[in-house]
Amino acid sequence: MNKYLVFIIFIINLVFFNNANSKENIMILKLKTGDVKIELFPDVAPKHVERIKKLANDGLYDNVVFHRVIDGFMAQTGDVKFGNSSSNNFDLRRAGTGASDLPDLPAEFSDLPHEKGTVSMARSSDPNSANSQFFICFQQAPHLDRNYTVFGKVIEGMEHVDKIKKGDGQSGSVSDPDKIISFKSL
């Protein structure tokens, strides 16, 4: 009887703590066409997950545009300095060059692949320059694997990501871009 009771308590605790932990690592990215649910990977990229959660929960991603969107590749956003369409600093020509006031992050590269729905940090040519900008892959992009920090994955609502307004040419620059309505923890 005692072994059975201990086993039941163990299972209940396992289910409870896994659900509590997973909820804390789920973010909702609200777009004009609907909500996108993103699972974060704190075990893979703890510093990047912490940064994304802080900036999102502080409201810094709200109204930030998708300044670079390349059809069949990815949608990039997260320039909280020049990409916030409701800020006095908004400058679409400079969107993609700004960052938060926080220091850049060291790379947390992993073996997780860049595939449809992967959420990964954007950076300059310096691997340790990720700050606030991130992108969501429209399809597999193996040339990015182990070169960019994967910190999450779209688990619901990828159809809304697929509807983000695409940019022009190889640069993917977007005139009159779509924006993040809000980005928050679940």
# chains A, B, ... in the order shown; residues from 1 in each chain; ligands from 1
call {"tool": "residues_around", "arguments": {"residues": "Asp101 in chain A", "least_positions_apart": "2", "cutoff": "12 Å", "atoms": "only C-alpha atoms", "output": "NGL selection string"}}
result
:A and (51 or 55 or 60 or 79-81 or 98-99 or 103-105 or 131-132)
call {"tool": "closest_atom_pairs", "arguments": {"of": "range 82-146 of chain A", "to": "range 67-78 of chain A", "cutoff": "7 Å", "atoms": "only C-alpha atoms", "output": "Markdown table"}}
result
| residue | atom | partner | partner_atom | distance |
| --- | --- | --- | --- | --- |
| A:Ala95 | CA | A:His67 | CA | 6.2 |
| A:Gly96 | CA | A:His67 | CA | 6.6 |
| A:Ser132 | CA | A:Gly78 | CA | 5.5 |
| A:Gln133 | CA | A:Gly78 | CA | 3.9 |
| A:Phe134 | CA | A:Thr77 | CA | 5.7 |
| A:Phe135 | CA | A:Gln76 | CA | 4.1 |
| A:Ile136 | CA | A:Ala75 | CA | 5.4 |
| A:Cys137 | CA | A:Met74 | CA | 4.3 |
| A:Phe138 | CA | A:Met74 | CA | 5.1 |
| A:Gln139 | CA | A:Phe73 | CA | 6.0 |
call {"tool": "residues_around", "arguments": {"residues": "range 175-181 of chain A", "least_positions_apart": "2", "cutoff": "6 Å", "atoms": "only C-alpha atoms", "output": "ChimeraX atom specification"}}
result
/A:30-31,62-66
call {"tool": "residues_around", "arguments": {"residues": "Ile26 in chain A", "least_positions_apart": "6", "cutoff": "7 Å", "atoms": "only C-alpha atoms", "output": "PDB file with N, CA and C atoms, in the first residue's frame"}}
result
ATOM      1  N   LYS A  37       1.621  30.641 -30.489  1.00  0.00           N
ATOM      2  CA  LYS A  37       2.127  30.111 -29.225  1.00  0.00           C
ATOM      3  C   LYS A  37       3.548  29.601 -29.457  1.00  0.00           C
ATOM      4  N   ILE A  38       4.478  30.092 -28.650  1.00  0.00           N
ATOM      5  CA  ILE A  38       5.894  29.745 -28.777  1.00  0.00           C
ATOM      6  C   ILE A  38       6.366  29.079 -27.494  1.00  0.00           C
ATOM      7  N   GLU A  39       6.977  27.918 -27.647  1.00  0.00           N
ATOM      8  CA  GLU A  39       7.607  27.238 -26.516  1.00  0.00           C
ATOM      9  C   GLU A  39       9.066  27.669 -26.468  1.00  0.00           C
ATOM     10  N   LEU A  40       9.520  28.097 -25.294  1.00  0.00           N
ATOM     11  CA  LEU A  40      10.912  28.501 -25.102  1.00  0.00           C
ATOM     12  C   LEU A  40      11.732  27.317 -24.596  1.00  0.00           C
ATOM     13  N   SER A 185       4.362  36.324 -21.740  1.00  0.00           N
ATOM     14  CA  SER A 185       4.299  34.973 -21.182  1.00  0.00           C
ATOM     15  C   SER A 185       2.848  34.570 -21.012  1.00  0.00           C
ATOM     16  N   LEU A 186       2.612  33.280 -21.135  1.00  0.00           N
ATOM     17  CA  LEU A 186       1.255  32.750 -20.987  1.00  0.00           C
ATOM     18  C   LEU A 186       0.724  32.998 -19.578  1.00  0.00           C
TER      19      LEU A 186
END
call {"tool": "select_by_dssp", "arguments": {"residues": "range 36-153 of chain A", "states": "helix (DSSP H, G or I)", "output": "PyMOL selection string"}}
result
chain A and resi 46-57+142-144
call {"tool": "write_last_selection", "arguments": {"atoms": "N, CA and C atoms", "output": "short mmCIF file (atom, residue, chain, number, x, y, z; two decimals), in the first residue's frame"}}
result
data_model
loop_
_atom_site.label_atom_id
_atom_site.label_comp_id
_atom_site.auth_asym_id
_atom_site.auth_seq_id
_atom_site.Cartn_x
_atom_site.Cartn_y
_atom_site.Cartn_z
N PRO A 46 19.58 29.31 -21.99
CA PRO A 46 19.02 29.99 -20.80
C PRO A 46 19.14 31.51 -20.81
N LYS A 47 20.27 32.05 -21.26
CA LYS A 47 20.44 33.51 -21.26
C LYS A 47 19.53 34.18 -22.29
N HIS A 48 19.37 33.54 -23.44
CA HIS A 48 18.50 34.10 -24.48
C HIS A 48 17.03 34.03 -24.08
N VAL A 49 16.63 32.93 -23.47
CA VAL A 49 15.25 32.80 -22.99
C VAL A 49 14.97 33.86 -21.93
N GLU A 50 15.90 34.02 -21.00
CA GLU A 50 15.73 35.04 -19.96
C GLU A 50 15.58 36.44 -20.58
N ARG A 51 16.39 36.75 -21.58
CA ARG A 51 16.35 38.06 -22.24
C ARG A 51 15.00 38.27 -22.96
N ILE A 52 14.59 37.28 -23.74
CA ILE A 52 13.33 37.39 -24.48
C ILE A 52 12.17 37.59 -23.51
N LYS A 53 12.13 36.81 -22.43
CA LYS A 53 11.05 36.93 -21.45
C LYS A 53 11.04 38.32 -20.82
N LYS A 54 12.22 38.83 -20.47
CA LYS A 54 12.29 40.15 -19.84
C LYS A 54 11.79 41.24 -20.78
N LEU A 55 12.31 41.27 -21.99
CA LEU A 55 11.91 42.31 -22.94
C LEU A 55 10.42 42.20 -23.28
N ALA A 56 9.95 40.96 -23.47
CA ALA A 56 8.53 40.76 -23.81
C ALA A 56 7.63 41.17 -22.65
N ASN A 57 7.94 40.71 -21.47
CA ASN A 57 7.07 41.01 -20.33
C ASN A 57 7.16 42.46 -19.89
N PRO A 142 19.12 24.82 -42.93
CA PRO A 142 20.25 24.13 -42.30
C PRO A 142 21.55 24.93 -42.27
N HIS A 143 21.69 25.90 -43.17
CA HIS A 143 22.91 26.72 -43.17
C HIS A 143 23.03 27.58 -41.90
N LEU A 144 21.93 27.72 -41.16
CA LEU A 144 21.96 28.48 -39.90
C LEU A 144 22.30 27.62 -38.69
#
call {"tool": "closest_residue", "arguments": {"among": "A:Asp145, A:Tyr61, A:Lys163, A:His114", "to": "Ser87 in chain A", "atoms": "only C-alpha atoms"}}
result
A:Tyr61
call {"tool": "residues_around", "arguments": {"residues": "range 147-161 of chain A", "least_positions_apart": "4", "cutoff": "7 Å", "atoms": "only C-alpha atoms", "output": "list in words"}}
result
Thr33, Gly34, Asp35, Val36, Lys37, Ile38, Glu39, Leu40, Phe41, Val44, Ala45, His48, Val49, Ala107, Glu108, Phe109, Ser110, Leu112, Gly117, Thr118, Val119, Ser120 and Met121 of chain A
call {"tool": "write_last_selection", "arguments": {"atoms": "N, CA and C atoms", "output": "mmCIF file, in the first residue's frame"}}
result
data_model
loop_
_atom_site.group_PDB
_atom_site.id
_atom_site.type_symbol
_atom_site.label_atom_id
_atom_site.label_comp_id
_atom_site.auth_asym_id
_atom_site.auth_seq_id
_atom_site.Cartn_x
_atom_site.Cartn_y
_atom_site.Cartn_z
ATOM 1 N N THR A 33 -3.404 38.677 -37.498
ATOM 2 C CA THR A 33 -4.230 37.563 -37.977
ATOM 3 C C THR A 33 -4.516 36.517 -36.901
ATOM 4 N N GLY A 34 -3.883 36.641 -35.727
ATOM 5 C CA GLY A 34 -4.146 35.692 -34.653
ATOM 6 C C GLY A 34 -2.937 35.466 -33.761
ATOM 7 N N ASP A 35 -3.112 34.596 -32.781
ATOM 8 C CA ASP A 35 -2.080 34.323 -31.782
ATOM 9 C C ASP A 35 -1.152 33.200 -32.220
ATOM 10 N N VAL A 36 0.129 33.372 -31.864
ATOM 11 C CA VAL A 36 1.159 32.370 -32.121
ATOM 12 C C VAL A 36 1.701 31.938 -30.762
ATOM 13 N N LYS A 37 1.621 30.641 -30.489
ATOM 14 C CA LYS A 37 2.127 30.111 -29.225
ATOM 15 C C LYS A 37 3.548 29.601 -29.457
ATOM 16 N N ILE A 38 4.478 30.092 -28.650
ATOM 17 C CA ILE A 38 5.894 29.745 -28.777
ATOM 18 C C ILE A 38 6.366 29.079 -27.494
ATOM 19 N N GLU A 39 6.977 27.918 -27.647
ATOM 20 C CA GLU A 39 7.607 27.238 -26.516
ATOM 21 C C GLU A 39 9.066 27.669 -26.468
ATOM 22 N N LEU A 40 9.520 28.097 -25.294
ATOM 23 C CA LEU A 40 10.912 28.501 -25.102
ATOM 24 C C LEU A 40 11.732 27.317 -24.596
ATOM 25 N N PHE A 41 13.043 27.343 -24.875
ATOM 26 C CA PHE A 41 13.953 26.256 -24.499
ATOM 27 C C PHE A 41 15.006 26.740 -23.505
ATOM 28 N N VAL A 44 18.333 24.837 -23.287
ATOM 29 C CA VAL A 44 19.225 24.941 -24.443
ATOM 30 C C VAL A 44 19.888 26.320 -24.508
ATOM 31 N N ALA A 45 19.119 27.361 -24.244
ATOM 32 C CA ALA A 45 19.616 28.740 -24.369
ATOM 33 C C ALA A 45 19.103 29.589 -23.200
ATOM 34 N N HIS A 48 19.367 33.543 -23.435
ATOM 35 C CA HIS A 48 18.504 34.100 -24.484
ATOM 36 C C HIS A 48 17.032 34.031 -24.080
ATOM 37 N N VAL A 49 16.634 32.929 -23.470
ATOM 38 C CA VAL A 49 15.252 32.803 -22.992
ATOM 39 C C VAL A 49 14.971 33.860 -21.929
ATOM 40 N N ALA A 107 26.944 33.728 -27.420
ATOM 41 C CA ALA A 107 26.275 32.690 -28.207
ATOM 42 C C ALA A 107 25.946 31.475 -27.343
ATOM 43 N N GLU A 108 24.793 30.877 -27.606
ATOM 44 C CA GLU A 108 24.391 29.613 -26.977
ATOM 45 C C GLU A 108 23.958 28.666 -28.108
ATOM 46 N N PHE A 109 24.891 28.406 -29.022
ATOM 47 C CA PHE A 109 24.595 27.551 -30.162
ATOM 48 C C PHE A 109 24.332 26.127 -29.677
ATOM 49 N N SER A 110 23.499 25.408 -30.435
ATOM 50 C CA SER A 110 23.146 24.036 -30.066
ATOM 51 C C SER A 110 22.980 23.205 -31.338
ATOM 52 N N LEU A 112 20.076 21.980 -32.140
ATOM 53 C CA LEU A 112 18.689 22.085 -32.598
ATOM 54 C C LEU A 112 18.662 22.680 -34.005
ATOM 55 N N GLY A 117 9.104 27.017 -38.122
ATOM 56 C CA GLY A 117 8.661 27.345 -36.778
ATOM 57 C C GLY A 117 9.765 27.590 -35.772
ATOM 58 N N THR A 118 11.017 27.353 -36.141
ATOM 59 C CA THR A 118 12.128 27.621 -35.219
ATOM 60 C C THR A 118 12.204 29.117 -34.944
ATOM 61 N N VAL A 119 12.421 29.463 -33.665
ATOM 62 C CA VAL A 119 12.596 30.857 -33.258
ATOM 63 C C VAL A 119 14.050 30.991 -32.794
ATOM 64 N N SER A 120 14.776 31.893 -33.415
ATOM 65 C CA SER A 120 16.221 31.995 -33.222
ATOM 66 C C SER A 120 16.625 33.461 -33.126
ATOM 67 N N MET A 121 17.746 33.716 -32.472
ATOM 68 C CA MET A 121 18.221 35.085 -32.302
ATOM 69 C C MET A 121 18.959 35.578 -33.541
#
call {"tool": "select_by_dssp", "arguments": {"residues": "range 124-155 of chain A", "states": "strand (DSSP E or B)", "output": "PyMOL selection string"}}
result
chain A and resi 130+134-137+150-155
call {"tool": "closest_residue", "arguments": {"among": "A:Lys166, A:Gly83, A:Pro106, A:Ser173", "to": "Asp126 in chain A", "atoms": "only C-alpha atoms"}}
result
A:Pro106
call {"tool": "atom_distance", "arguments": {"atom1": "CA of Lys32 in chain A", "atom2": "CA of Leu92 in chain A"}}
result
19.1 Å
call {"tool": "atom_distance", "arguments": {"atom1": "CA of Lys184 in chain A", "atom2": "CA of Ser100 in chain A"}}
result
16.9 Å
call {"tool": "decode", "arguments": {"residues": "range 33-103 of chain A", "atoms": "C-alpha atoms", "output": "PDB file, in the first residue's frame"}}
result
ATOM      1  CA  THR A  33      -4.230  37.563 -37.977  1.00  0.00           C
ATOM      2  CA  GLY A  34      -4.146  35.692 -34.653  1.00  0.00           C
ATOM      3  CA  ASP A  35      -2.080  34.323 -31.782  1.00  0.00           C
ATOM      4  CA  VAL A  36       1.159  32.370 -32.121  1.00  0.00           C
ATOM      5  CA  LYS A  37       2.127  30.111 -29.225  1.00  0.00           C
ATOM      6  CA  ILE A  38       5.894  29.745 -28.777  1.00  0.00           C
ATOM      7  CA  GLU A  39       7.607  27.238 -26.516  1.00  0.00           C
ATOM      8  CA  LEU A  40      10.912  28.501 -25.102  1.00  0.00           C
ATOM      9  CA  PHE A  41      13.953  26.256 -24.499  1.00  0.00           C
ATOM     10  CA  PRO A  42      15.611  27.408 -21.245  1.00  0.00           C
ATOM     11  CA  ASP A  43      17.675  24.212 -21.032  1.00  0.00           C
ATOM     12  CA  VAL A  44      19.225  24.941 -24.443  1.00  0.00           C
ATOM     13  CA  ALA A  45      19.616  28.740 -24.369  1.00  0.00           C
ATOM     14  CA  PRO A  46      19.023  29.988 -20.798  1.00  0.00           C
ATOM     15  CA  LYS A  47      20.436  33.511 -21.262  1.00  0.00           C
ATOM     16  CA  HIS A  48      18.504  34.100 -24.484  1.00  0.00           C
ATOM     17  CA  VAL A  49      15.252  32.803 -22.992  1.00  0.00           C
ATOM     18  CA  GLU A  50      15.732  35.044 -19.962  1.00  0.00           C
ATOM     19  CA  ARG A  51      16.345  38.060 -22.243  1.00  0.00           C
ATOM     20  CA  ILE A  52      13.327  37.394 -24.481  1.00  0.00           C
ATOM     21  CA  LYS A  53      11.049  36.933 -21.455  1.00  0.00           C
ATOM     22  CA  LYS A  54      12.291  40.149 -19.835  1.00  0.00           C
ATOM     23  CA  LEU A  55      11.906  42.308 -22.942  1.00  0.00           C
ATOM     24  CA  ALA A  56       8.534  40.755 -23.808  1.00  0.00           C
ATOM     25  CA  ASN A  57       7.067  41.005 -20.331  1.00  0.00           C
ATOM     26  CA  ASP A  58       8.305  44.608 -20.064  1.00  0.00           C
ATOM     27  CA  GLY A  59       6.247  45.339 -23.205  1.00  0.00           C
ATOM     28  CA  LEU A  60       9.263  46.299 -25.312  1.00  0.00           C
ATOM     29  CA  TYR A  61       8.263  44.078 -28.262  1.00  0.00           C
ATOM     30  CA  ASP A  62       4.739  45.513 -28.475  1.00  0.00           C
ATOM     31  CA  ASN A  63       4.303  47.407 -31.803  1.00  0.00           C
ATOM     32  CA  VAL A  64       7.726  46.325 -33.113  1.00  0.00           C
ATOM     33  CA  VAL A  65       7.665  45.725 -36.881  1.00  0.00           C
ATOM     34  CA  PHE A  66       8.798  42.730 -38.905  1.00  0.00           C
ATOM     35  CA  HIS A  67      11.419  44.767 -40.768  1.00  0.00           C
ATOM     36  CA  ARG A  68      12.976  41.897 -42.761  1.00  0.00           C
ATOM     37  CA  VAL A  69      10.792  39.130 -44.173  1.00  0.00           C
ATOM     38  CA  ILE A  70      12.128  36.832 -46.881  1.00  0.00           C
ATOM     39  CA  ASP A  71       9.544  34.545 -48.467  1.00  0.00           C
ATOM     40  CA  GLY A  72      10.503  30.896 -48.010  1.00  0.00           C
ATOM     41  CA  PHE A  73      13.143  31.775 -45.407  1.00  0.00           C
ATOM     42  CA  MET A  74      12.241  33.799 -42.300  1.00  0.00           C
ATOM     43  CA  ALA A  75      10.531  36.797 -40.667  1.00  0.00           C
ATOM     44  CA  GLN A  76      12.788  39.019 -38.545  1.00  0.00           C
ATOM     45  CA  THR A  77      11.666  41.427 -35.832  1.00  0.00           C
ATOM     46  CA  GLY A  78      12.732  42.601 -32.392  1.00  0.00           C
ATOM     47  CA  ASP A  79      14.497  45.904 -33.011  1.00  0.00           C
ATOM     48  CA  VAL A  80      13.173  47.550 -29.862  1.00  0.00           C
ATOM     49  CA  LYS A  81      15.163  50.748 -30.534  1.00  0.00           C
ATOM     50  CA  PHE A  82      14.245  51.719 -34.130  1.00  0.00           C
ATOM     51  CA  GLY A  83      11.527  49.188 -34.970  1.00  0.00           C
ATOM     52  CA  ASN A  84       8.813  50.184 -32.490  1.00  0.00           C
ATOM     53  CA  SER A  85       6.153  51.837 -34.628  1.00  0.00           C
ATOM     54  CA  SER A  86       4.659  53.659 -31.628  1.00  0.00           C
ATOM     55  CA  SER A  87       7.975  55.140 -30.435  1.00  0.00           C
ATOM     56  CA  ASN A  88       9.495  58.538 -31.187  1.00  0.00           C
ATOM     57  CA  ASN A  89      12.644  56.655 -32.267  1.00  0.00           C
ATOM     58  CA  PHE A  90      10.820  54.667 -34.965  1.00  0.00           C
ATOM     59  CA  ASP A  91      12.782  54.757 -38.202  1.00  0.00           C
ATOM     60  CA  LEU A  92      11.969  52.038 -40.723  1.00  0.00           C
ATOM     61  CA  ARG A  93      15.204  52.761 -42.629  1.00  0.00           C
ATOM     62  CA  ARG A  94      17.206  52.015 -39.459  1.00  0.00           C
ATOM     63  CA  ALA A  95      15.036  49.118 -38.230  1.00  0.00           C
ATOM     64  CA  GLY A  96      17.277  46.098 -37.931  1.00  0.00           C
ATOM     65  CA  THR A  97      20.261  48.094 -36.659  1.00  0.00           C
ATOM     66  CA  GLY A  98      19.040  48.714 -33.113  1.00  0.00           C
ATOM     67  CA  ALA A  99      18.918  46.731 -29.903  1.00  0.00           C
ATOM     68  CA  SER A 100      17.854  47.016 -26.285  1.00  0.00           C
ATOM     69  CA  ASP A 101      19.867  48.917 -23.678  1.00  0.00           C
ATOM     70  CA  LEU A 102      20.998  45.580 -22.218  1.00  0.00           C
ATOM     71  CA  PRO A 103      24.423  44.116 -23.076  1.00  0.00           C
TER      72      PRO A 103
END
